[in-house]
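Undergrad: My file is work_23.csv. It has CSV, C-alpha atoms:
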```
chain,number,residue,atom,x,y,z
A,1,MET,CA,30.2,-16.1,10.1
A,2,ARG,CA,28.3,-19.4,10.1
A,3,ILE,CA,24.6,-19.6,9.2
A,4,SER,CA,23.7,-19.4,12.9
A,5,GLY,CA,25.7,-16.1,13.1
A,6,LEU,CA,23.7,-14.8,10.1
A,7,ALA,CA,20.5,-15.7,11.9
A,8,GLU,CA,21.7,-13.9,15.0
A,9,SER,CA,22.8,-10.8,13.1
A,10,THR,CA,19.5,-10.5,11.2
A,11,GLY,CA,17.0,-11.9,13.7
A,12,VAL,CA,15.8,-14.3,10.9
A,13,PRO,CA,15.5,-18.0,11.9
A,14,VAL,CA,18.0,-20.5,10.3
A,15,ALA,CA,15.2,-22.4,8.6
A,16,THR,CA,14.0,-19.2,6.9
A,17,LEU,CA,17.6,-18.4,5.8
A,18,LYS,CA,17.9,-21.9,4.3
A,19,TYR,CA,14.6,-21.3,2.5
A,20,TYR,CA,15.9,-18.0,1.1
A,21,LEU,CA,19.1,-19.8,-0.1
A,22,ARG,CA,17.0,-22.6,-1.8
A,23,GLU,CA,14.8,-20.0,-3.5
A,24,GLY,CA,17.8,-18.0,-4.7
A,25,LEU,CA,16.7,-14.9,-2.7
A,26,LEU,CA,20.1,-15.1,-0.9
A,27,HIS,CA,23.4,-15.8,-2.6
A,28,PRO,CA,25.3,-18.9,-1.4
A,29,GLY,CA,28.0,-18.5,1.2
A,30,ARG,CA,31.6,-19.5,0.7
A,31,ALA,CA,31.9,-23.3,1.2
A,32,THR,CA,34.3,-24.3,3.9
A,33,SER,CA,33.5,-28.0,3.9
A,34,ARG,CA,31.0,-30.3,2.1
A,35,THR,CA,28.2,-29.2,4.6
A,36,GLN,CA,29.3,-25.8,5.9
A,37,ALA,CA,29.6,-22.3,4.5
A,38,THR,CA,30.5,-18.9,5.8
A,39,TYR,CA,28.6,-15.7,5.3
A,40,ASP,CA,29.6,-12.1,5.3
A,41,ASP,CA,28.1,-8.5,5.5
A,42,THR,CA,26.7,-8.8,1.9
A,43,HIS,CA,24.5,-11.6,3.2
A,44,VAL,CA,23.4,-9.6,6.2
A,45,GLU,CA,22.5,-6.7,3.9
A,46,ARG,CA,20.6,-8.9,1.5
A,47,VAL,CA,18.6,-10.6,4.3
A,48,ARG,CA,17.6,-7.2,5.7
A,49,LEU,CA,16.5,-6.1,2.2
A,50,VAL,CA,14.3,-9.2,1.8
A,51,ARG,CA,12.7,-8.6,5.2
A,52,ALA,CA,12.1,-4.9,4.3
A,53,LEU,CA,10.4,-5.8,1.0
A,54,THR,CA,8.2,-8.5,2.6
A,55,GLU,CA,7.4,-6.9,6.0
A,56,VAL,CA,7.2,-3.2,5.2
A,57,GLY,CA,6.6,-3.4,1.4
A,58,GLY,CA,4.2,-6.2,1.8
A,59,LEU,CA,5.5,-8.1,-1.2
A,60,PRO,CA,5.0,-11.8,-1.6
A,61,LEU,CA,8.3,-13.8,-1.9
A,62,ALA,CA,7.7,-14.5,-5.6
A,63,THR,CA,7.6,-10.8,-6.3
A,64,VAL,CA,10.7,-10.2,-4.1
A,65,GLY,CA,12.5,-12.7,-6.3
A,66,ARG,CA,11.7,-10.7,-9.4
A,67,VAL,CA,12.6,-7.4,-7.8
A,68,LEU,CA,16.0,-8.8,-6.7
A,69,ALA,CA,16.6,-10.1,-10.2
A,70,VAL,CA,16.2,-6.6,-11.6
A,71,ILE,CA,18.4,-5.1,-8.9
A,72,ASP,CA,21.1,-7.7,-9.6
A,73,ASP,CA,21.1,-6.9,-13.3
A,74,PRO,CA,21.4,-3.2,-13.6
A,75,ASP,CA,22.2,-3.4,-17.4
A,76,ALA,CA,19.5,-1.0,-18.5
A,77,GLY,CA,18.9,2.6,-19.2
A,78,ARG,CA,16.9,4.7,-16.8
A,79,LEU,CA,13.5,4.2,-18.5
A,80,GLY,CA,14.3,0.5,-19.0
A,81,VAL,CA,14.9,0.4,-15.3
A,82,LEU,CA,11.6,2.0,-14.5
A,83,GLU,CA,9.7,-0.4,-16.7
A,84,ALA,CA,11.5,-3.4,-15.4
A,85,ALA,CA,10.8,-2.3,-11.8
A,86,GLN,CA,7.1,-1.8,-12.5
A,87,HIS,CA,6.8,-5.1,-14.3
A,88,SER,CA,8.6,-6.9,-11.5
A,89,LEU,CA,6.2,-5.5,-9.0
A,90,SER,CA,3.0,-6.3,-10.9
A,91,GLY,CA,3.2,-10.0,-11.2
A,92,PRO,CA,3.9,-12.2,-14.2
A,93,ALA,CA,2.5,-11.3,-17.6
A,94,PRO,CA,-0.3,-13.6,-19.0
A,95,VAL,CA,1.2,-16.7,-20.5
A,96,ASP,CA,0.5,-15.6,-24.1
A,97,GLY,CA,1.7,-12.1,-23.4
A,98,SER,CA,-1.7,-10.6,-24.3
A,99,ALA,CA,-4.2,-8.7,-22.2
A,100,PRO,CA,-7.7,-10.3,-21.7
A,101,ASP,CA,-9.8,-9.4,-24.7
A,102,ASP,CA,-12.6,-7.8,-22.8
A,103,ASP,CA,-10.4,-5.4,-20.9
A,104,PRO,CA,-7.3,-4.4,-22.8
A,105,ALA,CA,-5.0,-2.2,-20.6
A,106,GLY,CA,-5.7,1.4,-21.5
A,107,ALA,CA,-9.1,0.9,-23.0
A,108,GLY,CA,-11.0,1.6,-19.8
A,109,ARG,CA,-11.8,4.7,-17.9
A,110,ALA,CA,-8.3,4.9,-16.5
A,111,GLY,CA,-6.8,4.9,-20.0
A,112,ARG,CA,-9.1,7.6,-21.2
A,113,TRP,CA,-8.4,9.7,-18.1
A,114,LEU,CA,-4.6,9.3,-18.7
A,115,ALA,CA,-5.0,10.3,-22.4
A,116,ARG,CA,-7.0,13.4,-21.4
A,117,ARG,CA,-4.4,14.3,-18.7
A,118,GLY,CA,-1.6,14.0,-21.3
A,119,TRP,CA,0.6,11.7,-19.2
A,120,LEU,CA,3.2,9.9,-21.3
A,121,VAL,CA,3.0,6.3,-20.3
A,122,ALA,CA,3.9,3.1,-22.2
A,123,PRO,CA,0.8,1.3,-23.5
A,124,GLY,CA,0.2,-1.9,-21.5
A,125,THR,CA,2.0,-0.5,-18.4
A,126,PRO,CA,0.6,-2.7,-15.5
A,127,ALA,CA,-0.1,0.4,-13.4
A,128,ILE,CA,-2.9,1.4,-15.8
A,129,ALA,CA,-4.8,-1.8,-15.0
A,130,ASP,CA,-4.0,-1.3,-11.3
A,131,LEU,CA,-5.4,2.3,-11.5
A,132,GLU,CA,-8.6,1.0,-13.2
A,133,ARG,CA,-9.0,-1.7,-10.5
A,134,ALA,CA,-8.4,0.7,-7.6
A,135,TRP,CA,-10.8,3.3,-9.2
A,136,ASP,CA,-13.5,0.6,-9.6
A,137,ALA,CA,-13.1,-0.4,-6.0
A,138,CYS,CA,-13.6,3.2,-4.9
A,139,ASP,CA,-16.8,3.2,-6.9
A,140,ALA,CA,-18.0,-0.1,-5.4
A,141,ALA,CA,-17.5,1.4,-2.0
A,142,ASP,CA,-19.3,4.6,-3.1
A,143,ILE,CA,-16.6,7.0,-2.0
A,144,GLY,CA,-17.0,9.3,-5.0
A,145,VAL,CA,-13.7,9.7,-6.8
A,146,ASP,CA,-14.7,11.6,-9.9
A,147,GLU,CA,-12.4,12.9,-12.6
A,148,ALA,CA,-11.9,16.3,-10.8
A,149,ARG,CA,-10.8,14.5,-7.6
A,150,MET,CA,-8.5,12.2,-9.7
A,151,ASP,CA,-7.0,15.3,-11.3
A,152,ALA,CA,-6.4,16.9,-7.9
A,153,TYR,CA,-4.7,13.7,-6.7
A,154,ALA,CA,-2.6,13.6,-9.9
A,155,ASP,CA,-1.4,17.2,-9.4
A,156,ALA,CA,0.0,16.2,-6.0
A,157,VAL,CA,1.4,12.9,-7.1
A,158,GLU,CA,3.3,14.5,-10.0
A,159,ARG,CA,5.2,16.5,-7.3
A,160,ILE,CA,6.0,13.3,-5.4
A,161,ALA,CA,7.2,11.6,-8.7
A,162,ALA,CA,9.4,14.6,-9.4
A,163,VAL,CA,11.0,14.2,-5.9
A,164,ASP,CA,11.5,10.5,-6.7
A,165,ILE,CA,13.0,11.0,-10.1
A,166,ASP,CA,15.3,13.8,-8.8
A,167,SER,CA,16.6,11.3,-6.2
A,168,VAL,CA,17.8,8.8,-8.9
A,169,PRO,CA,21.6,8.8,-9.0
A,170,SER,CA,23.4,8.8,-12.3
A,171,ASP,CA,25.4,5.6,-11.6
A,172,ALA,CA,23.4,2.8,-13.3
A,173,ALA,CA,23.6,0.2,-10.6
A,174,ALA,CA,22.7,2.7,-7.9
A,175,ALA,CA,19.8,4.0,-10.1
A,176,VAL,CA,18.3,0.5,-10.4
A,177,ARG,CA,18.4,0.1,-6.6
A,178,GLN,CA,16.8,3.5,-6.0
A,179,VAL,CA,14.0,3.1,-8.6
A,180,VAL,CA,13.1,-0.5,-7.6
A,181,LEU,CA,13.3,-0.1,-3.9
A,182,GLY,CA,12.0,3.4,-3.8
A,183,THR,CA,8.9,2.3,-5.7
A,184,VAL,CA,8.0,-0.3,-3.2
A,185,LEU,CA,9.3,1.0,0.1
A,186,VAL,CA,8.2,4.6,-0.3
A,187,ASP,CA,4.5,3.6,-0.8
A,188,PRO,CA,4.1,2.7,2.9
A,189,LEU,CA,5.9,5.8,4.0
A,190,LEU,CA,3.5,8.0,1.9
A,191,ALA,CA,0.5,6.0,3.3
A,192,ALA,CA,1.6,6.8,6.9
A,193,LEU,CA,2.2,10.5,5.9
A,194,ARG,CA,-1.3,10.6,4.4
A,195,ARG,CA,-2.9,9.4,7.7
A,196,LEU,CA,-0.9,12.0,9.7
A,197,ALA,CA,-1.7,14.7,7.2
A,198,HIS,CA,-5.5,13.8,7.5
A,199,GLN,CA,-5.2,14.6,11.3
A,200,HIS,CA,-3.2,17.8,10.8
A,201,VAL,CA,-5.5,19.2,8.0
A,202,SER,CA,-8.7,18.2,10.0
A,203,VAL,CA,-7.5,19.7,13.3
A,204,SER,CA,-6.2,22.9,11.5
A,205,ARG,CA,-9.5,23.5,9.9
A,206,GLU,CA,-11.5,23.0,13.1
A,207,ALA,CA,-9.1,25.4,14.9
A,208,GLY,CA,-9.4,27.9,12.0
B,209,MET,CA,-32.6,-14.2,-3.1
B,210,ARG,CA,-31.2,-17.4,-1.6
B,211,ILE,CA,-27.5,-17.7,-0.6
B,212,SER,CA,-26.8,-19.3,-4.0
B,213,GLY,CA,-28.2,-16.2,-5.7
B,214,LEU,CA,-26.0,-14.0,-3.5
B,215,ALA,CA,-23.1,-16.1,-4.6
B,216,GLU,CA,-24.1,-15.6,-8.3
B,217,SER,CA,-24.6,-11.9,-7.9
B,218,THR,CA,-21.2,-11.3,-6.2
B,219,GLY,CA,-19.0,-14.0,-7.7
B,220,VAL,CA,-18.1,-15.1,-4.2
B,221,PRO,CA,-18.5,-18.9,-3.4
B,222,VAL,CA,-21.3,-20.0,-1.0
B,223,ALA,CA,-18.7,-21.4,1.4
B,224,THR,CA,-17.0,-18.0,1.7
B,225,LEU,CA,-20.3,-16.2,2.2
B,226,LYS,CA,-21.1,-18.6,5.0
B,227,TYR,CA,-17.7,-17.8,6.5
B,228,TYR,CA,-18.5,-14.1,6.3
B,229,LEU,CA,-21.8,-14.7,8.1
B,230,ARG,CA,-20.2,-16.8,10.9
B,231,GLU,CA,-17.5,-14.1,11.4
B,232,GLY,CA,-20.1,-11.3,11.4
B,233,LEU,CA,-18.7,-9.5,8.3
B,234,LEU,CA,-22.1,-10.0,6.7
B,235,HIS,CA,-25.4,-9.4,8.4
B,236,PRO,CA,-27.8,-12.3,8.6
B,237,GLY,CA,-30.5,-12.8,6.0
B,238,ARG,CA,-34.2,-12.9,6.8
B,239,ALA,CA,-35.0,-16.4,8.0
B,240,THR,CA,-37.7,-18.1,5.9
B,241,SER,CA,-37.4,-21.5,7.6
B,242,ARG,CA,-35.2,-23.2,10.2
B,243,THR,CA,-32.4,-23.7,7.6
B,244,GLN,CA,-33.0,-21.1,5.0
B,245,ALA,CA,-32.8,-17.3,4.7
B,246,THR,CA,-33.2,-14.7,1.9
B,247,TYR,CA,-30.8,-12.0,1.1
B,248,ASP,CA,-31.2,-8.6,-0.6
B,249,ASP,CA,-29.3,-5.8,-2.2
B,250,THR,CA,-27.8,-4.7,1.2
B,251,HIS,CA,-26.1,-8.1,1.3
B,252,VAL,CA,-24.8,-7.8,-2.2
B,253,GLU,CA,-23.4,-4.3,-1.4
B,254,ARG,CA,-21.7,-5.5,1.8
B,255,VAL,CA,-20.1,-8.5,0.1
B,256,ARG,CA,-18.7,-6.2,-2.6
B,257,LEU,CA,-17.3,-3.9,0.1
B,258,VAL,CA,-15.6,-6.8,1.9
B,259,ARG,CA,-14.0,-7.9,-1.4
B,260,ALA,CA,-12.8,-4.4,-2.2
B,261,LEU,CA,-11.2,-4.1,1.2
B,262,THR,CA,-9.5,-7.5,1.0
B,263,GLU,CA,-8.5,-7.6,-2.6
B,264,VAL,CA,-7.7,-4.0,-3.5
B,265,GLY,CA,-7.1,-2.6,-0.1
B,266,GLY,CA,-5.1,-5.7,0.9
B,267,LEU,CA,-6.6,-5.9,4.4
B,268,PRO,CA,-6.6,-9.1,6.4
B,269,LEU,CA,-10.2,-10.2,7.4
B,270,ALA,CA,-9.6,-9.4,11.1
B,271,THR,CA,-8.9,-5.8,10.1
B,272,VAL,CA,-12.0,-5.7,7.7
B,273,GLY,CA,-14.1,-6.7,10.8
B,274,ARG,CA,-12.8,-3.7,12.8
B,275,VAL,CA,-13.3,-1.4,9.8
B,276,LEU,CA,-16.9,-2.5,9.3
B,277,ALA,CA,-17.6,-2.1,13.0
B,278,VAL,CA,-16.6,1.6,12.7
B,279,ILE,CA,-18.7,2.0,9.6
B,280,ASP,CA,-21.7,0.4,11.3
B,281,ASP,CA,-21.5,2.7,14.3
B,282,PRO,CA,-21.2,6.3,12.9
B,283,ASP,CA,-21.9,7.9,16.4
B,284,ALA,CA,-18.8,10.0,16.4
B,285,GLY,CA,-17.6,13.5,15.5
B,286,ARG,CA,-15.4,14.0,12.5
B,287,LEU,CA,-12.0,13.8,14.4
B,288,GLY,CA,-13.3,10.9,16.4
B,289,VAL,CA,-14.1,9.2,13.1
B,290,LEU,CA,-10.6,9.8,11.8
B,291,GLU,CA,-9.0,8.3,14.9
B,292,ALA,CA,-11.4,5.4,15.0
B,293,ALA,CA,-10.6,4.7,11.3
B,294,GLN,CA,-6.9,4.9,11.7
B,295,HIS,CA,-6.9,2.7,14.8
B,296,SER,CA,-9.2,0.1,13.1
B,297,LEU,CA,-6.6,0.0,10.3
B,298,SER,CA,-3.6,-0.4,12.4
B,299,GLY,CA,-4.2,-3.6,14.3
B,300,PRO,CA,-5.3,-4.1,17.9
B,301,ALA,CA,-3.6,-2.1,20.6
B,302,PRO,CA,-1.2,-3.9,23.0
B,303,VAL,CA,-3.2,-5.7,25.7
B,304,ASP,CA,-2.1,-3.4,28.5
B,305,GLY,CA,-2.7,-0.3,26.2
B,306,SER,CA,0.9,0.9,26.5
B,307,ALA,CA,3.6,1.3,23.8
B,308,PRO,CA,6.7,-0.8,24.3
B,309,ASP,CA,9.1,0.9,26.7
B,310,ASP,CA,12.1,1.0,24.4
B,311,ASP,CA,10.2,2.8,21.6
B,312,PRO,CA,7.2,4.9,22.7
B,313,ALA,CA,5.3,6.2,19.7
B,314,GLY,CA,6.5,9.7,18.9
B,315,ALA,CA,9.9,9.4,20.6
B,316,GLY,CA,11.8,8.4,17.5
B,317,ARG,CA,13.0,10.2,14.4
B,318,ALA,CA,9.5,10.3,12.9
B,319,GLY,CA,8.1,12.0,16.1
B,320,ARG,CA,10.9,14.6,16.1
B,321,TRP,CA,10.4,15.3,12.4
B,322,LEU,CA,6.6,15.7,13.0
B,323,ALA,CA,7.2,18.1,15.8
B,324,ARG,CA,9.6,20.2,13.7
B,325,ARG,CA,7.2,20.2,10.8
B,326,GLY,CA,4.4,21.4,13.1
B,327,TRP,CA,1.8,18.8,12.1
B,328,LEU,CA,-1.0,18.5,14.7
B,329,VAL,CA,-1.4,14.8,15.4
B,330,ALA,CA,-2.6,13.0,18.5
B,331,PRO,CA,0.2,11.5,20.5
B,332,GLY,CA,0.3,7.7,20.1
B,333,THR,CA,-1.4,7.8,16.7
B,334,PRO,CA,-0.5,4.4,15.1
B,335,ALA,CA,0.6,6.1,11.9
B,336,ILE,CA,3.6,7.7,13.8
B,337,ALA,CA,5.0,4.2,14.4
B,338,ASP,CA,4.1,3.2,10.8
B,339,LEU,CA,6.1,6.2,9.5
B,340,GLU,CA,9.1,5.3,11.7
B,341,ARG,CA,9.1,1.7,10.5
B,342,ALA,CA,8.7,2.7,6.8
B,343,TRP,CA,11.5,5.3,7.2
B,344,ASP,CA,13.8,2.7,8.8
B,345,ALA,CA,13.1,0.3,6.0
B,346,CYS,CA,14.1,2.9,3.5
B,347,ASP,CA,17.4,3.4,5.4
B,348,ALA,CA,17.9,-0.4,5.6
B,349,ALA,CA,17.6,-0.5,1.8
B,350,ASP,CA,19.9,2.5,1.5
B,351,ILE,CA,17.5,4.6,-0.6
B,352,GLY,CA,18.4,7.9,1.1
B,353,VAL,CA,15.2,9.5,2.4
B,354,ASP,CA,16.6,12.4,4.4
B,355,GLU,CA,14.6,15.1,6.1
B,356,ALA,CA,14.6,17.4,3.1
B,357,ARG,CA,13.1,14.6,0.9
B,358,MET,CA,10.6,13.8,3.7
B,359,ASP,CA,9.6,17.5,3.8
B,360,ALA,CA,9.1,17.5,0.0
B,361,TYR,CA,6.9,14.4,0.2
B,362,ALA,CA,5.0,16.0,3.1
B,363,ASP,CA,4.3,19.1,1.0
B,364,ALA,CA,2.6,17.0,-1.7
B,365,VAL,CA,0.8,14.7,0.8
B,366,GLU,CA,-0.7,17.7,2.5
B,367,ARG,CA,-2.4,18.6,-0.8
B,368,ILE,CA,-3.7,15.0,-1.1
B,369,ALA,CA,-5.0,15.1,2.5
B,370,ALA,CA,-6.8,18.4,1.8
B,371,VAL,CA,-8.6,16.8,-1.2
B,372,ASP,CA,-9.6,13.9,1.0
B,373,ILE,CA,-10.9,16.1,3.9
B,374,ASP,CA,-12.8,18.3,1.4
B,375,SER,CA,-14.5,15.2,0.1
B,376,VAL,CA,-15.9,14.3,3.5
B,377,PRO,CA,-19.7,14.9,3.5
B,378,SER,CA,-21.4,16.6,6.5
B,379,ASP,CA,-23.8,13.8,7.1
B,380,ALA,CA,-22.2,11.8,10.0
B,381,ALA,CA,-22.9,8.3,8.6
B,382,ALA,CA,-21.7,9.2,5.1
B,383,ALA,CA,-18.6,10.9,6.7
B,384,VAL,CA,-17.6,7.7,8.5
B,385,ARG,CA,-17.9,5.7,5.3
B,386,GLN,CA,-15.9,8.3,3.3
B,387,VAL,CA,-13.1,8.5,5.9
B,388,VAL,CA,-12.7,4.8,6.7
B,389,LEU,CA,-13.1,3.5,3.1
B,390,GLY,CA,-11.2,6.5,1.6
B,391,THR,CA,-8.3,5.9,3.8
B,392,VAL,CA,-7.8,2.3,2.8
B,393,LEU,CA,-9.0,2.3,-0.8
B,394,VAL,CA,-7.4,5.5,-2.1
B,395,ASP,CA,-3.9,4.2,-1.1
B,396,PRO,CA,-3.7,1.7,-4.0
B,397,LEU,CA,-5.1,4.3,-6.3
B,398,LEU,CA,-2.3,6.8,-5.3
B,399,ALA,CA,0.3,4.0,-5.6
B,400,ALA,CA,-0.8,3.3,-9.2
B,401,LEU,CA,-0.8,7.1,-10.0
B,402,ARG,CA,2.7,7.4,-8.6
B,403,ARG,CA,4.0,4.6,-10.9
B,404,LEU,CA,2.4,6.3,-13.9
B,405,ALA,CA,3.7,9.7,-12.9
B,406,HIS,CA,7.2,8.2,-12.6
B,407,GLN,CA,7.0,7.3,-16.3
B,408,HIS,CA,5.5,10.6,-17.3
B,409,VAL,CA,8.1,12.7,-15.4
B,410,SER,CA,10.9,10.6,-16.6
B,411,VAL,CA,9.9,10.7,-20.3
B,412,SER,CA,9.1,14.4,-20.1
B,413,ARG,CA,12.6,15.2,-18.8
B,414,GLU,CA,14.3,13.1,-21.4
B,415,ALA,CA,12.3,14.8,-24.1
B,416,GLY,CA,13.0,18.3,-22.6
```
Once you've parsed the file, please lay out its structure as C-alpha cells.
TA:
Amino acid sequence: MRISGLAESTGVPVATLKYYLREGLLHPGRATSRTQATYDDTHVERVRLVRALTEVGGLPLATVGRVLAVIDDPDAGRLGVLEAAQHSLSGPAPVDGSAPDDDPAGAGRAGRWLARRGWLVAPGTPAIADLERAWDACDAADIGVDEARMDAYADAVERIAAVDIDSVPSDAAAAVRQVVLGTVLVDPLLAALRRLAHQHVSVSREAG
Amino acid sequence: MRISGLAESTGVPVATLKYYLREGLLHPGRATSRTQATYDDTHVERVRLVRALTEVGGLPLATVGRVLAVIDDPDAGRLGVLEAAQHSLSGPAPVDGSAPDDDPAGAGRAGRWLARRGWLVAPGTPAIADLERAWDACDAADIGVDEARMDAYADAVERIAAVDIDSVPSDAAAAVRQVVLGTVLVDPLLAALRRLAHQHVSVSREAG
C-alpha cells in the first residue's frame, strides 16, 4: 500500500507517519520510485505499537525510540533483556554515567527498605530512584505510606511479577517483546484494575 | 512571606506560581496592599501537592484542578469520595453525559470479565473503559493477556486495594485526601515496585 493507505489502515495522519519515518520509529517502505514507497503489514503493526506505547503507555516519543531499539535487537539473555527494558524506560543515563553525589541510587530510604526486604536487584537500577521519588511524593502529600504498608504492597506486587515472569516465552526475540512491552503496557491495566478493586473492596465491606 | 519567598521555599518559579493563582490551583494570599500579598505554610503545602501530582503522578493541570476541587470539598460519604476521585482522574464526561453508542462502558470484554469475576463496580465507572483500552493495547502489542492472566493480576490487585482501603481514615476530610491522592500517587510507587520485583523474581528463579 502507499503511505495514504497506511494512514487509512492505522488512523494515523500521513504527516505523523512521515515524522515516524524521519525519527526511525518506523522502518522505510520498499521504494518504487524516487519519491514513492510501498508499505506492508509489518508497517501497520509497528505504527499500532508506537500508538499503544504513546497513548496507553504514556511514553514520550524519545522513550519509544529506545524501547523499539531494544525490541529490534533481541541479542541478550533474559536478565539482560530485563535490564535493557528498564533502562530504556527510565530515560538516558547522566552524561558521565554517575549518579548525583548527594543522592546515589540505593543510598536513600528505598535502598535501605529493599536491602531489609531482601530483594535481589542490581545496584543503580533506575527503578530504585523511581521508588524513592514516588515514596517522597506520597510523604509530601501526607498519605502515610510507612514501611509496613510498603511491605504489604510488595507482597502483592511479588505475585504480579511472578505472573509476568511466568508469561515470558523461551524464544529470545519473543521474550524481549514480552518483557519490554509487558513492562510498559501492563502498568495502565493494573492501574485500572486497582480503581475497580477499590470499589469492589469498599462496597463488599459496607455490605458485610 | 512574599511570593518570591514562596518561590524560594518550593523551588517553583514566580511566573508558575502566578499561573497557579490565576487558574485557582493555589488559594490567594492575604492582601497587604493593592499589588502585594503574603503567603504562609498552607501555600507551601499546596504548591508541593500540585508538583507531586504533576511530576510524579503525571497528571495534566486540568486534572489537578478537578482533583483539588474534590479534596477541597470533602462533603461526601466514603463511596461517594471514591467515585468523585475516580471521575476527577478520568477526564470530563462527554457533554451530553452519555457513552458513545458503539461502545457503552461495560458492554465490552472488560465488562464481561468483571461480571464473571463478580466485582461490584458502578456501571459507567471510567476505569471500566480504561481497562478495556489497556487490554486492547496489550493485544495490539501481542503480549498475550488472556482471562487467566487477568484473573491472576486481579487476585494480587485485590490485596493492594485492601491495603489501600484499610488506610482510609474515618475522618471525612482526611479520607478524601487519602483516597484521591492515594489513587494517583501510589500508582507510580507500585510501578517502581513491579520493576524491582521483576528483577528479584527473575534472579531468584535463575539461582533456584
Undergrad: Output as an MDAnalysis selection string the set of chain B residues within 7 Å of chain A, with distances taken over only C-alpha atoms.
TA: chainID B and resid 256:257 260 264 327:329 335 338:339 342:343 345:346 348:349 351 361:362 364:370 373 386 390 393 395:397 399:411
Undergrad: I need the chosen residues saved as a CSV table (one decimal), in the frame of the given file, with C-alpha atoms.
TA:
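Written out: part04.csv:
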```
chain,number,residue,atom,x,y,z
B,256,ARG,CA,-18.7,-6.2,-2.6
B,257,LEU,CA,-17.3,-3.9,0.1
B,260,ALA,CA,-12.8,-4.4,-2.2
B,264,VAL,CA,-7.7,-4.0,-3.5
B,327,TRP,CA,1.8,18.8,12.1
B,328,LEU,CA,-1.0,18.5,14.7
B,329,VAL,CA,-1.4,14.8,15.4
B,335,ALA,CA,0.6,6.1,11.9
B,338,ASP,CA,4.1,3.2,10.8
B,339,LEU,CA,6.1,6.2,9.5
B,342,ALA,CA,8.7,2.7,6.8
B,343,TRP,CA,11.5,5.3,7.2
B,345,ALA,CA,13.1,0.3,6.0
B,346,CYS,CA,14.1,2.9,3.5
B,348,ALA,CA,17.9,-0.4,5.6
B,349,ALA,CA,17.6,-0.5,1.8
B,351,ILE,CA,17.5,4.6,-0.6
B,361,TYR,CA,6.9,14.4,0.2
B,362,ALA,CA,5.0,16.0,3.1
B,364,ALA,CA,2.6,17.0,-1.7
B,365,VAL,CA,0.8,14.7,0.8
B,366,GLU,CA,-0.7,17.7,2.5
B,367,ARG,CA,-2.4,18.6,-0.8
B,368,ILE,CA,-3.7,15.0,-1.1
B,369,ALA,CA,-5.0,15.1,2.5
B,370,ALA,CA,-6.8,18.4,1.8
B,373,ILE,CA,-10.9,16.1,3.9
B,386,GLN,CA,-15.9,8.3,3.3
B,390,GLY,CA,-11.2,6.5,1.6
B,393,LEU,CA,-9.0,2.3,-0.8
B,395,ASP,CA,-3.9,4.2,-1.1
B,396,PRO,CA,-3.7,1.7,-4.0
B,397,LEU,CA,-5.1,4.3,-6.3
B,399,ALA,CA,0.3,4.0,-5.6
B,400,ALA,CA,-0.8,3.3,-9.2
B,401,LEU,CA,-0.8,7.1,-10.0
B,402,ARG,CA,2.7,7.4,-8.6
B,403,ARG,CA,4.0,4.6,-10.9
B,404,LEU,CA,2.4,6.3,-13.9
B,405,ALA,CA,3.7,9.7,-12.9
B,406,HIS,CA,7.2,8.2,-12.6
B,407,GLN,CA,7.0,7.3,-16.3
B,408,HIS,CA,5.5,10.6,-17.3
B,409,VAL,CA,8.1,12.7,-15.4
B,410,SER,CA,10.9,10.6,-16.6
B,411,VAL,CA,9.9,10.7,-20.3
```
Undergrad: Which neighbours of stretch 245-251 of chain B fall inside 6 Å, counting all atoms listed in the file, when residues of the same chain fewer than 4 positions from it are skipped, and could you give them as an MDAnalysis selection string?
TA: chainID B and resid 209:210 237:240
Undergrad: What's the 12 Å shell around B:Val255, counting only C-alpha atoms, without same-chain residues fewer than 5 positions away, as a PDB file with C-alpha atoms, in the coordinates of the input?
TA:
```pdb
ATOM      1  CA  ALA A 140     -18.000  -0.100  -5.400  1.00  0.00           C
ATOM      2  CA  ALA A 141     -17.500   1.400  -2.000  1.00  0.00           C
TER       3      ALA A 141
ATOM      4  CA  ILE B 211     -27.500 -17.700  -0.600  1.00  0.00           C
ATOM      5  CA  LEU B 214     -26.000 -14.000  -3.500  1.00  0.00           C
ATOM      6  CA  ALA B 215     -23.100 -16.100  -4.600  1.00  0.00           C
ATOM      7  CA  GLU B 216     -24.100 -15.600  -8.300  1.00  0.00           C
ATOM      8  CA  SER B 217     -24.600 -11.900  -7.900  1.00  0.00           C
ATOM      9  CA  THR B 218     -21.200 -11.300  -6.200  1.00  0.00           C
ATOM     10  CA  GLY B 219     -19.000 -14.000  -7.700  1.00  0.00           C
ATOM     11  CA  VAL B 220     -18.100 -15.100  -4.200  1.00  0.00           C
ATOM     12  CA  PRO B 221     -18.500 -18.900  -3.400  1.00  0.00           C
ATOM     13  CA  VAL B 222     -21.300 -20.000  -1.000  1.00  0.00           C
ATOM     14  CA  THR B 224     -17.000 -18.000   1.700  1.00  0.00           C
ATOM     15  CA  LEU B 225     -20.300 -16.200   2.200  1.00  0.00           C
ATOM     16  CA  LYS B 226     -21.100 -18.600   5.000  1.00  0.00           C
ATOM     17  CA  TYR B 227     -17.700 -17.800   6.500  1.00  0.00           C
ATOM     18  CA  TYR B 228     -18.500 -14.100   6.300  1.00  0.00           C
ATOM     19  CA  LEU B 229     -21.800 -14.700   8.100  1.00  0.00           C
ATOM     20  CA  GLY B 232     -20.100 -11.300  11.400  1.00  0.00           C
ATOM     21  CA  LEU B 233     -18.700  -9.500   8.300  1.00  0.00           C
ATOM     22  CA  LEU B 234     -22.100 -10.000   6.700  1.00  0.00           C
ATOM     23  CA  HIS B 235     -25.400  -9.400   8.400  1.00  0.00           C
ATOM     24  CA  TYR B 247     -30.800 -12.000   1.100  1.00  0.00           C
ATOM     25  CA  ASP B 248     -31.200  -8.600  -0.600  1.00  0.00           C
ATOM     26  CA  ASP B 249     -29.300  -5.800  -2.200  1.00  0.00           C
ATOM     27  CA  THR B 250     -27.800  -4.700   1.200  1.00  0.00           C
ATOM     28  CA  ALA B 260     -12.800  -4.400  -2.200  1.00  0.00           C
ATOM     29  CA  LEU B 261     -11.200  -4.100   1.200  1.00  0.00           C
ATOM     30  CA  THR B 262      -9.500  -7.500   1.000  1.00  0.00           C
ATOM     31  CA  GLU B 263      -8.500  -7.600  -2.600  1.00  0.00           C
ATOM     32  CA  VAL B 272     -12.000  -5.700   7.700  1.00  0.00           C
ATOM     33  CA  LEU B 276     -16.900  -2.500   9.300  1.00  0.00           C
TER      34      LEU B 276
END
```
